[in-house]
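Structure file final-v4.cif; described as mmCIF, C-alpha atoms.
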data_protein
#
loop_
_atom_site.label_atom_id
_atom_site.label_comp_id
_atom_site.auth_asym_id
_atom_site.auth_seq_id
_atom_site.Cartn_x
_atom_site.Cartn_y
_atom_site.Cartn_z
CA MET Q 1 -105.29 18.80 16.75
CA ARG Q 2 -108.88 17.71 17.46
CA PHE Q 3 -108.39 14.61 15.25
CA PHE Q 4 -105.31 13.72 17.29
CA MET Q 5 -107.07 14.23 20.62
CA ARG Q 6 -110.14 12.25 19.56
CA THR Q 7 -107.96 9.36 18.42
CA ILE Q 8 -105.97 9.36 21.67
CA VAL Q 9 -109.13 9.46 23.80
CA VAL Q 10 -110.72 6.54 21.92
CA ALA Q 11 -107.53 4.46 22.09
CA LEU Q 12 -107.16 5.23 25.80
CA PHE Q 13 -110.78 4.27 26.53
CA ILE Q 14 -110.45 0.94 24.72
CA THR Q 15 -107.18 0.15 26.48
CA LEU Q 16 -108.53 1.04 29.92
CA PHE Q 17 -111.73 -0.91 29.30
CA LEU Q 18 -109.80 -4.07 28.44
CA ILE Q 19 -107.45 -3.71 31.42
CA LEU Q 20 -109.95 -2.57 34.05
CA THR Q 21 -112.48 -5.24 33.14
CA ILE Q 22 -110.04 -8.11 33.83
CA PRO Q 23 -111.71 -8.69 37.22
CA VAL Q 24 -115.11 -8.45 35.49
CA MET Q 25 -114.05 -11.17 33.07
CA PHE Q 26 -113.29 -13.42 36.03
CA VAL Q 27 -116.65 -12.64 37.63
CA GLU Q 28 -118.40 -13.37 34.35
CA TRP Q 29 -116.55 -16.69 34.11
CA VAL Q 30 -117.72 -17.62 37.62
CA ILE Q 31 -121.30 -16.59 36.82
CA GLY Q 32 -121.18 -18.77 33.72
CA LYS Q 33 -120.41 -21.81 35.85
CA PHE Q 34 -123.76 -21.44 37.58
CA ASN Q 35 -125.98 -19.47 35.20
CA GLN Q 36 -124.93 -19.29 31.54
CA ASP Q 37 -127.96 -17.21 30.53
CA LEU Q 38 -127.12 -14.54 33.11
CA LYS Q 39 -123.51 -14.48 31.95
CA ASP Q 40 -124.61 -14.11 28.33
CA ARG Q 41 -126.94 -11.22 29.10
CA SER Q 42 -124.50 -9.38 31.36
CA SER Q 43 -121.58 -9.77 28.94
CA LEU Q 44 -123.80 -8.45 26.14
CA ARG Q 45 -124.79 -5.33 28.07
CA ILE Q 46 -121.23 -4.61 29.25
CA VAL Q 47 -119.78 -4.74 25.73
CA GLN Q 48 -122.71 -2.84 24.22
CA TRP Q 49 -122.14 -0.07 26.78
CA ALA Q 50 -118.45 0.05 25.82
CA PHE Q 51 -119.24 0.19 22.10
CA ARG Q 52 -121.76 2.99 22.62
CA CYS Q 53 -119.08 4.91 24.52
CA VAL Q 54 -116.67 4.38 21.61
CA ILE Q 55 -119.25 5.66 19.13
CA PHE Q 56 -119.83 8.74 21.30
CA LEU Q 57 -116.10 9.41 21.76
CA CYS Q 58 -115.54 9.08 18.01
CA GLY Q 59 -118.11 11.81 17.48
CA THR Q 60 -120.10 9.50 15.24
CA LYS Q 61 -123.68 10.48 14.49
CA MET Q 62 -125.81 7.47 13.67
CA THR Q 63 -128.98 7.19 11.64
CA VAL Q 64 -130.59 3.79 12.13
CA ILE Q 65 -133.41 2.73 9.83
CA GLY Q 66 -135.64 -0.32 9.96
CA GLU Q 67 -134.91 -1.67 13.43
CA GLU Q 68 -138.51 -2.80 13.52
CA ASN Q 69 -137.59 -5.28 10.75
CA VAL Q 70 -135.42 -7.32 13.13
CA PRO Q 71 -137.53 -10.20 14.53
CA LYS Q 72 -137.65 -10.10 18.32
CA GLY Q 73 -137.34 -13.10 20.56
CA GLU Q 74 -135.67 -15.32 17.97
CA PRO Q 75 -132.14 -15.69 16.60
CA VAL Q 76 -131.42 -14.33 13.13
CA LEU Q 77 -128.61 -14.29 10.60
CA TYR Q 78 -127.40 -10.75 9.91
CA ILE Q 79 -125.76 -10.23 6.51
CA GLY Q 80 -124.02 -6.93 5.79
CA ASN Q 81 -121.40 -5.13 3.72
CA HIS Q 82 -117.97 -4.56 5.24
CA ARG Q 83 -115.81 -1.44 4.94
CA SER Q 84 -114.51 -0.75 8.43
CA LEU Q 85 -113.35 -2.06 11.79
CA PHE Q 86 -116.21 0.01 13.13
CA ASP Q 87 -118.85 -2.07 11.32
CA THR Q 88 -118.81 -4.44 14.29
CA VAL Q 89 -118.91 -1.60 16.81
CA VAL Q 90 -121.84 0.11 15.11
CA THR Q 91 -123.93 -3.02 14.58
CA TYR Q 92 -123.20 -4.79 17.86
CA ALA Q 93 -124.23 -1.71 19.82
CA ARG Q 94 -127.73 -2.11 18.34
CA THR Q 95 -128.36 -5.87 18.56
CA PRO Q 96 -131.47 -6.61 20.65
CA GLY Q 97 -130.16 -9.96 21.90
CA LEU Q 98 -127.22 -12.34 21.93
CA CYS Q 99 -125.19 -12.21 18.74
CA GLY Q 100 -121.95 -13.88 17.75
CA TYR Q 101 -119.79 -12.47 14.97
CA ILE Q 102 -117.73 -14.41 12.48
CA ALA Q 103 -114.19 -13.07 12.96
CA LYS Q 104 -110.89 -13.83 11.27
CA LYS Q 105 -108.57 -16.06 13.29
CA GLU Q 106 -105.98 -13.26 13.47
CA MET Q 107 -108.18 -11.65 16.13
CA LEU Q 108 -107.06 -14.43 18.48
CA LYS Q 109 -103.75 -12.60 18.79
CA VAL Q 110 -105.38 -9.59 20.47
CA PRO Q 111 -105.08 -10.08 24.25
CA LEU Q 112 -108.14 -9.60 26.50
CA LEU Q 113 -110.37 -8.63 23.57
CA THR Q 114 -110.42 -12.30 22.56
CA ILE Q 115 -111.86 -13.24 25.95
CA TRP Q 116 -114.81 -10.88 25.53
CA MET Q 117 -115.33 -12.15 21.98
CA ARG Q 118 -115.52 -15.72 23.23
CA TYR Q 119 -117.96 -14.66 25.94
CA LEU Q 120 -120.11 -13.16 23.19
CA HIS Q 121 -120.15 -16.39 21.13
CA CYS Q 122 -117.92 -15.09 18.34
CA ILE Q 123 -116.59 -17.73 15.95
CA PHE Q 124 -113.05 -17.49 14.61
CA LEU Q 125 -112.39 -18.45 11.00
CA ASP Q 126 -109.26 -19.35 9.05
CA ARG Q 127 -110.21 -17.91 5.67
CA ASP Q 128 -107.57 -20.01 3.87
CA ASP Q 129 -108.85 -23.35 5.19
CA ILE Q 130 -111.91 -24.78 3.42
CA ARG Q 131 -112.50 -27.32 6.18
CA ALA Q 132 -112.41 -24.52 8.75
CA GLY Q 133 -115.15 -22.79 6.76
CA LEU Q 134 -117.36 -25.86 7.00
CA LYS Q 135 -116.64 -26.13 10.72
CA MET Q 136 -117.58 -22.46 11.12
CA VAL Q 137 -120.94 -23.02 9.44
CA LEU Q 138 -121.68 -26.05 11.65
CA ASN Q 139 -120.66 -24.11 14.75
CA ALA Q 140 -122.87 -21.19 13.74
CA ILE Q 141 -125.82 -23.53 13.10
CA ASP Q 142 -125.40 -24.89 16.63
CA GLN Q 143 -125.29 -21.35 18.05
CA VAL Q 144 -128.51 -20.38 16.27
CA LYS Q 145 -130.22 -23.52 17.54
CA HIS Q 146 -129.30 -22.37 21.05
CA GLY Q 147 -130.81 -18.93 20.53
CA VAL Q 148 -127.74 -16.91 19.51
CA SER Q 149 -127.94 -14.70 16.42
CA ILE Q 150 -125.00 -14.70 14.01
CA CYS Q 151 -123.60 -11.72 12.12
CA ILE Q 152 -121.38 -12.21 9.10
CA PHE Q 153 -119.90 -9.95 6.45
CA PRO Q 154 -119.84 -12.27 3.40
CA GLU Q 155 -117.41 -10.20 1.37
CA GLY Q 156 -114.86 -12.17 3.37
CA THR Q 157 -112.66 -9.22 4.31
CA ARG Q 158 -112.91 -5.46 4.67
CA ASN Q 159 -113.40 -3.73 1.34
CA ASP Q 160 -110.53 -1.28 0.75
CA GLY Q 161 -112.85 1.10 -1.07
CA SER Q 162 -111.45 0.53 -4.57
CA VAL Q 163 -114.89 -0.88 -5.44
CA ASP Q 164 -118.21 -0.46 -3.65
CA PHE Q 165 -118.62 -4.21 -3.04
CA LEU Q 166 -116.54 -7.35 -3.13
CA PRO Q 167 -118.28 -10.57 -4.25
CA PHE Q 168 -120.47 -12.09 -1.54
CA ARG Q 169 -119.62 -15.61 -0.43
CA ASN Q 170 -122.94 -17.34 -0.10
CA GLY Q 171 -121.92 -20.44 1.87
CA CYS Q 172 -122.93 -18.69 5.08
CA LEU Q 173 -126.59 -18.84 4.02
CA LYS Q 174 -126.54 -22.52 4.98
CA ILE Q 175 -126.75 -21.28 8.56
CA ALA Q 176 -130.26 -19.96 7.88
CA GLU Q 177 -131.29 -22.77 5.57
CA LYS Q 178 -130.46 -25.45 8.14
CA THR Q 179 -132.10 -23.64 11.07
CA ASN Q 180 -134.99 -21.84 9.32
CA CYS Q 181 -133.96 -18.61 11.02
CA ALA Q 182 -134.60 -15.24 9.39
CA ILE Q 183 -131.92 -13.59 7.28
CA VAL Q 184 -131.74 -9.86 8.00
CA PRO Q 185 -129.82 -7.97 5.28
CA MET Q 186 -128.23 -4.78 6.56
CA ALA Q 187 -126.48 -1.96 4.76
CA LEU Q 188 -123.79 0.24 6.30
CA ASN Q 189 -122.90 3.62 4.82
CA ASN Q 190 -119.88 5.75 5.63
CA THR Q 191 -118.33 3.64 8.43
CA ALA Q 192 -114.92 3.79 6.71
CA ASP Q 193 -114.99 7.57 7.17
CA ILE Q 194 -114.60 7.09 10.92
CA PHE Q 195 -111.05 5.77 10.55
CA GLU Q 196 -109.97 3.85 7.44
CA LEU Q 197 -110.23 6.69 4.92
CA HIS Q 198 -107.82 8.87 6.88
CA LYS Q 199 -105.62 6.65 9.02
CA PRO Q 200 -104.31 7.06 11.66
CA TRP Q 201 -106.91 9.61 12.75
CA ILE Q 202 -110.48 9.16 13.91
CA ARG Q 203 -112.84 11.81 12.59
CA ARG Q 204 -116.35 12.92 13.39
CA THR Q 205 -118.76 11.60 10.77
CA HIS Q 206 -122.31 10.46 10.01
CA VAL Q 207 -123.05 6.75 9.63
CA VAL Q 208 -126.24 5.15 8.30
CA LEU Q 209 -127.27 1.63 9.27
CA GLU Q 210 -130.40 0.14 7.74
CA TYR Q 211 -131.97 -3.20 8.56
CA CYS Q 212 -133.93 -4.57 5.63
CA LYS Q 213 -137.00 -6.76 5.84
CA PRO Q 214 -136.23 -10.30 7.01
CA VAL Q 215 -136.06 -13.15 4.53
CA TYR Q 216 -136.98 -16.70 5.54
CA PRO Q 217 -135.41 -19.47 3.40
CA GLN Q 218 -138.41 -21.75 3.98
CA ASP Q 219 -140.55 -19.27 2.03
CA PHE Q 220 -138.59 -20.18 -1.12
CA SER Q 221 -138.87 -23.31 -3.20
CA LYS Q 222 -135.85 -25.59 -3.40
CA GLU Q 223 -135.07 -24.21 -6.85
CA ASP Q 224 -135.47 -20.57 -5.83
CA ARG Q 225 -133.19 -21.04 -2.84
CA LYS Q 226 -130.32 -21.28 -5.31
CA LYS Q 227 -130.92 -17.59 -6.04
CA LEU Q 228 -131.17 -16.59 -2.38
CA GLY Q 229 -127.58 -15.38 -2.19
CA ASP Q 230 -128.07 -13.11 -5.20
CA ILE Q 231 -131.30 -11.75 -3.70
CA ILE Q 232 -129.64 -10.90 -0.37
CA GLU Q 233 -126.61 -9.36 -2.06
CA GLN Q 234 -128.78 -7.20 -4.31
CA THR Q 235 -130.90 -6.09 -1.36
CA VAL Q 236 -127.80 -4.91 0.52
CA LYS Q 237 -126.48 -3.12 -2.57
CA ASP Q 238 -129.77 -1.40 -3.38
CA THR Q 239 -130.13 -0.22 0.21
CA TYR Q 240 -126.54 1.01 0.33
CA TYR Q 241 -126.94 3.07 -2.84
CA LYS Q 242 -130.32 4.38 -1.69
CA ASN Q 243 -128.78 5.71 1.52
CA GLN Q 244 -125.69 7.32 0.01
CA GLY Q 245 -127.50 10.62 -0.16
CA LEU Q 246 -128.13 10.57 3.60
CA VAL Q 247 -124.47 10.84 4.63
#

Give the structure from the file, written as structure tokens.
Amino acid sequence: MRFFMRTIVVALFITLFLILTIPVMFVEWVIGKFNQDLKDRSSLRIVQWAFRCVIFLCGTKMTVIGEENVPKGEPVLYIGNHRSLFDTVVTYARTPGLCGYIAKKEMLKVPLLTIWMRYLHCIFLDRDDIRAGLKMVLNAIDQVKHGVSICIFPEGTRNDGSVDFLPFRNGCLKIAEKTNCAIVPMALNNTADIFELHKPWIRRTHVVLEYCKPVYPQDFSKEDRKKLGDIIEQTVKDTYYKNQGLV
């Protein structure tokens, strides 16, 4: 019964948030006409508050490691593993500044949520269109140049759990290489236990999020940059396996 009640409460909160913030969306739109920076910061705080409420209502205990590794005052490229819808909730609740996520184009079908995602500089990707992938990278490069961090899960889709990791798609690293921003590998443990491992119920669980030390592409020679994707992928894997004993 408690699983049922927790799931209903979370679903109700999300629904009410999206409906009751319709006037807020309009206010944010108006603010953006006069002060884009203020709109960005207020939208960030509103959605972070909502995500923290969702984490609390899910009964999720979080252990966060290495937040001091995230460079402050500059945009970064977050690279992480992907097992759950809640990966975005967990990580976005902790971002210190503006951050756009790379999302599949199917998210455009979700009413109201799409508006907040656009306000937060999310970029929508058609995973079956190679040209759309290139456009996404160029769009993300432009965002970083304007001070917005980018978060991407390079496995390309949520891992169903049949293996620990899907192959990383390294094309996204061009975002960092072309802007000289830091790459921050991050490892998520146990997020699928919130919901995916026992659909349709949300369960109380313990999640570990670790931010690894930043990597700057300019610190590598042109030849070594070819191995950068493998280095980032291995860092995420090593950190994930290291933290399995914490959950």

How close does each residue of region 113-197 of chain Q get to region 228-243 of chain Q, giving the shortest atom pair and distance in Å to one decimal for every residue with an atom at most 10 Å away, counting only C-alpha atoms, sorted by chain and residue number, as a tab-separated table?
residue	atom	partner	partner_atom	distance
Q:Pro154	CA	Q:Glu233	CA	9.2
Q:Glu155	CA	Q:Glu233	CA	9.9
Q:Asp164	CA	Q:Lys237	CA	8.8
Q:Phe165	CA	Q:Lys237	CA	7.9
Q:Pro167	CA	Q:Glu233	CA	8.7
Q:Phe168	CA	Q:Glu233	CA	6.7
Q:Arg169	CA	Q:Gly229	CA	8.2
Q:Asn170	CA	Q:Gly229	CA	5.5
Q:Gly171	CA	Q:Gly229	CA	8.6
Q:Cys172	CA	Q:Gly229	CA	9.2
Q:Leu173	CA	Q:Gly229	CA	7.2
Q:Ile183	CA	Q:Ile232	CA	8.4
Q:Val184	CA	Q:Ile232	CA	8.7
Q:Pro185	CA	Q:Val236	CA	6.0
Q:Met186	CA	Q:Val236	CA	6.1
Q:Ala187	CA	Q:Val236	CA	5.3
Q:Leu188	CA	Q:Tyr240	CA	6.6
Q:Asn189	CA	Q:Tyr240	CA	6.3
Q:Asn190	CA	Q:Tyr240	CA	9.7

- Item | Expansion of the PyMOL selection byres ((chain Q and resi 47) around 10) into residues, as a PyMOL selection string | chain Q and resi 17+42-46+48-53+89+92-93+116-117+120

Would you output that residue set with C-alpha atoms, as a PDB file, keeping the file's coordinate frame?
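Contents of selection07.pdb, as written:
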ATOM      1  CA  PHE Q  17    -111.730  -0.910  29.300  1.00  0.00           C
ATOM      2  CA  SER Q  42    -124.500  -9.380  31.360  1.00  0.00           C
ATOM      3  CA  SER Q  43    -121.580  -9.770  28.940  1.00  0.00           C
ATOM      4  CA  LEU Q  44    -123.800  -8.450  26.140  1.00  0.00           C
ATOM      5  CA  ARG Q  45    -124.790  -5.330  28.070  1.00  0.00           C
ATOM      6  CA  ILE Q  46    -121.230  -4.610  29.250  1.00  0.00           C
ATOM      7  CA  GLN Q  48    -122.710  -2.840  24.220  1.00  0.00           C
ATOM      8  CA  TRP Q  49    -122.140  -0.070  26.780  1.00  0.00           C
ATOM      9  CA  ALA Q  50    -118.450   0.050  25.820  1.00  0.00           C
ATOM     10  CA  PHE Q  51    -119.240   0.190  22.100  1.00  0.00           C
ATOM     11  CA  ARG Q  52    -121.760   2.990  22.620  1.00  0.00           C
ATOM     12  CA  CYS Q  53    -119.080   4.910  24.520  1.00  0.00           C
ATOM     13  CA  VAL Q  89    -118.910  -1.600  16.810  1.00  0.00           C
ATOM     14  CA  TYR Q  92    -123.200  -4.790  17.860  1.00  0.00           C
ATOM     15  CA  ALA Q  93    -124.230  -1.710  19.820  1.00  0.00           C
ATOM     16  CA  TRP Q 116    -114.810 -10.880  25.530  1.00  0.00           C
ATOM     17  CA  MET Q 117    -115.330 -12.150  21.980  1.00  0.00           C
ATOM     18  CA  LEU Q 120    -120.110 -13.160  23.190  1.00  0.00           C
TER      19      LEU Q 120
END

- Message: List the spatial neighbours of Val137 (chain Q) as an MDAnalysis selection string - criterion: any atom at most 12 Å away, all atoms listed in the file, same-chain residues fewer than 2 positions off excluded.
- Response: chainID Q and resid 77 101:102 123:125 130:135 139:144 150:152 170:179

File dump, residues just selected, C-alpha atoms, as a compact mmCIF listing (two decimals), keeping the file's coordinate frame:
# COMPACT_ATOMS: atom_id res chain seq x y z
CA LEU Q 77 -128.61 -14.29 10.60
CA TYR Q 101 -119.79 -12.47 14.97
CA ILE Q 102 -117.73 -14.41 12.48
CA ILE Q 123 -116.59 -17.73 15.95
CA PHE Q 124 -113.05 -17.49 14.61
CA LEU Q 125 -112.39 -18.45 11.00
CA ILE Q 130 -111.91 -24.78 3.42
CA ARG Q 131 -112.50 -27.32 6.18
CA ALA Q 132 -112.41 -24.52 8.75
CA GLY Q 133 -115.15 -22.79 6.76
CA LEU Q 134 -117.36 -25.86 7.00
CA LYS Q 135 -116.64 -26.13 10.72
CA ASN Q 139 -120.66 -24.11 14.75
CA ALA Q 140 -122.87 -21.19 13.74
CA ILE Q 141 -125.82 -23.53 13.10
CA ASP Q 142 -125.40 -24.89 16.63
CA GLN Q 143 -125.29 -21.35 18.05
CA VAL Q 144 -128.51 -20.38 16.27
CA ILE Q 150 -125.00 -14.70 14.01
CA CYS Q 151 -123.60 -11.72 12.12
CA ILE Q 152 -121.38 -12.21 9.10
CA ASN Q 170 -122.94 -17.34 -0.10
CA GLY Q 171 -121.92 -20.44 1.87
CA CYS Q 172 -122.93 -18.69 5.08
CA LEU Q 173 -126.59 -18.84 4.02
CA LYS Q 174 -126.54 -22.52 4.98
CA ILE Q 175 -126.75 -21.28 8.56
CA ALA Q 176 -130.26 -19.96 7.88
CA GLU Q 177 -131.29 -22.77 5.57
CA LYS Q 178 -130.46 -25.45 8.14
CA THR Q 179 -132.10 -23.64 11.07

Mind telling me what the PyMOL selection byres ((chain Q and resi 193-210) around 8) catches here, as JSON, numbers by chain? {"Q": [3, 4, 6, 7, 58, 59, 60, 61, 62, 63, 64, 65, 66, 67, 84, 86, 91, 186, 187, 188, 189, 190, 191, 192, 211, 212, 239, 243, 246, 247]}

Restricting the calculation to all atoms listed in the file: of Q:Glu106, Q:Val9, Q:Asn81, Q:His121, which residue gets closest to Lys39 (chain Q)?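 So, comparing all the options, the nearest one is Q:His121.
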
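For the point (-132.8, -17.2, 20.3) in file coordinates, the residues within 7 Å, using all atoms listed in the file, are Gly73, Glu74, Pro75, Val144, His146, Gly147, Val148 and Ser149 of chain Q.
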
Store the residues picked out above in a file with C-alpha atoms, as a compact mmCIF listing (two decimals), in the coordinates of the input.
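Saved the output as result_11.txt:
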# COMPACT_ATOMS: atom_id res chain seq x y z
CA GLY Q 73 -137.34 -13.10 20.56
CA GLU Q 74 -135.67 -15.32 17.97
CA PRO Q 75 -132.14 -15.69 16.60
CA VAL Q 144 -128.51 -20.38 16.27
CA HIS Q 146 -129.30 -22.37 21.05
CA GLY Q 147 -130.81 -18.93 20.53
CA VAL Q 148 -127.74 -16.91 19.51
CA SER Q 149 -127.94 -14.70 16.42

Here CA of Val24 (chain Q) and CA of Asp37 (chain Q) stand apart by 16.3 Å

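Note that CA of Lys104 (chain Q) and CA of Asp126 (chain Q) are 6.2 Å apart.
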
> What is the distance, in Å and to one decimal place, between CA of Cys181 (chain Q) and CA of Lys227 (chain Q)?
Replying inline: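 Result for CA of Cys181 (chain Q) versus CA of Lys227 (chain Q): 17.4 Å, one decimal.
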
Top pick for closest residue to Glu68 (chain Q), considering Q:Thr21, Q:Thr95, Q:Thr114, Q:Thr88 and counting only C-alpha atoms
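That would be Q:Thr95, the residue with the smallest distance to Glu68 (chain Q).
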
Between Q:Tyr78, Q:Asn180, Q:Val110, Q:Ile8, which is the closest to Phe220 (chain Q) once you count all atoms listed in the file?
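Closest residue, counting all atoms listed in the file: Q:Asn180.
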
TODO: Name the closest residue to Ala182 (chain Q) among the candidates Q:Val27, Q:Ile22, Q:Ile79, Q:Cys99; distances are taken between atoms, counting all atoms listed in the file.
DONE: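 Using all atoms listed in the file, the shortest distance to Ala182 (chain Q) belongs to Q:Ile79.
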
Judged by all atoms listed in the file, the minimum distance to Val76 (chain Q) among Q:Val215, Q:Ala103, Q:Leu113, Q:Val10 is found for Q:Val215
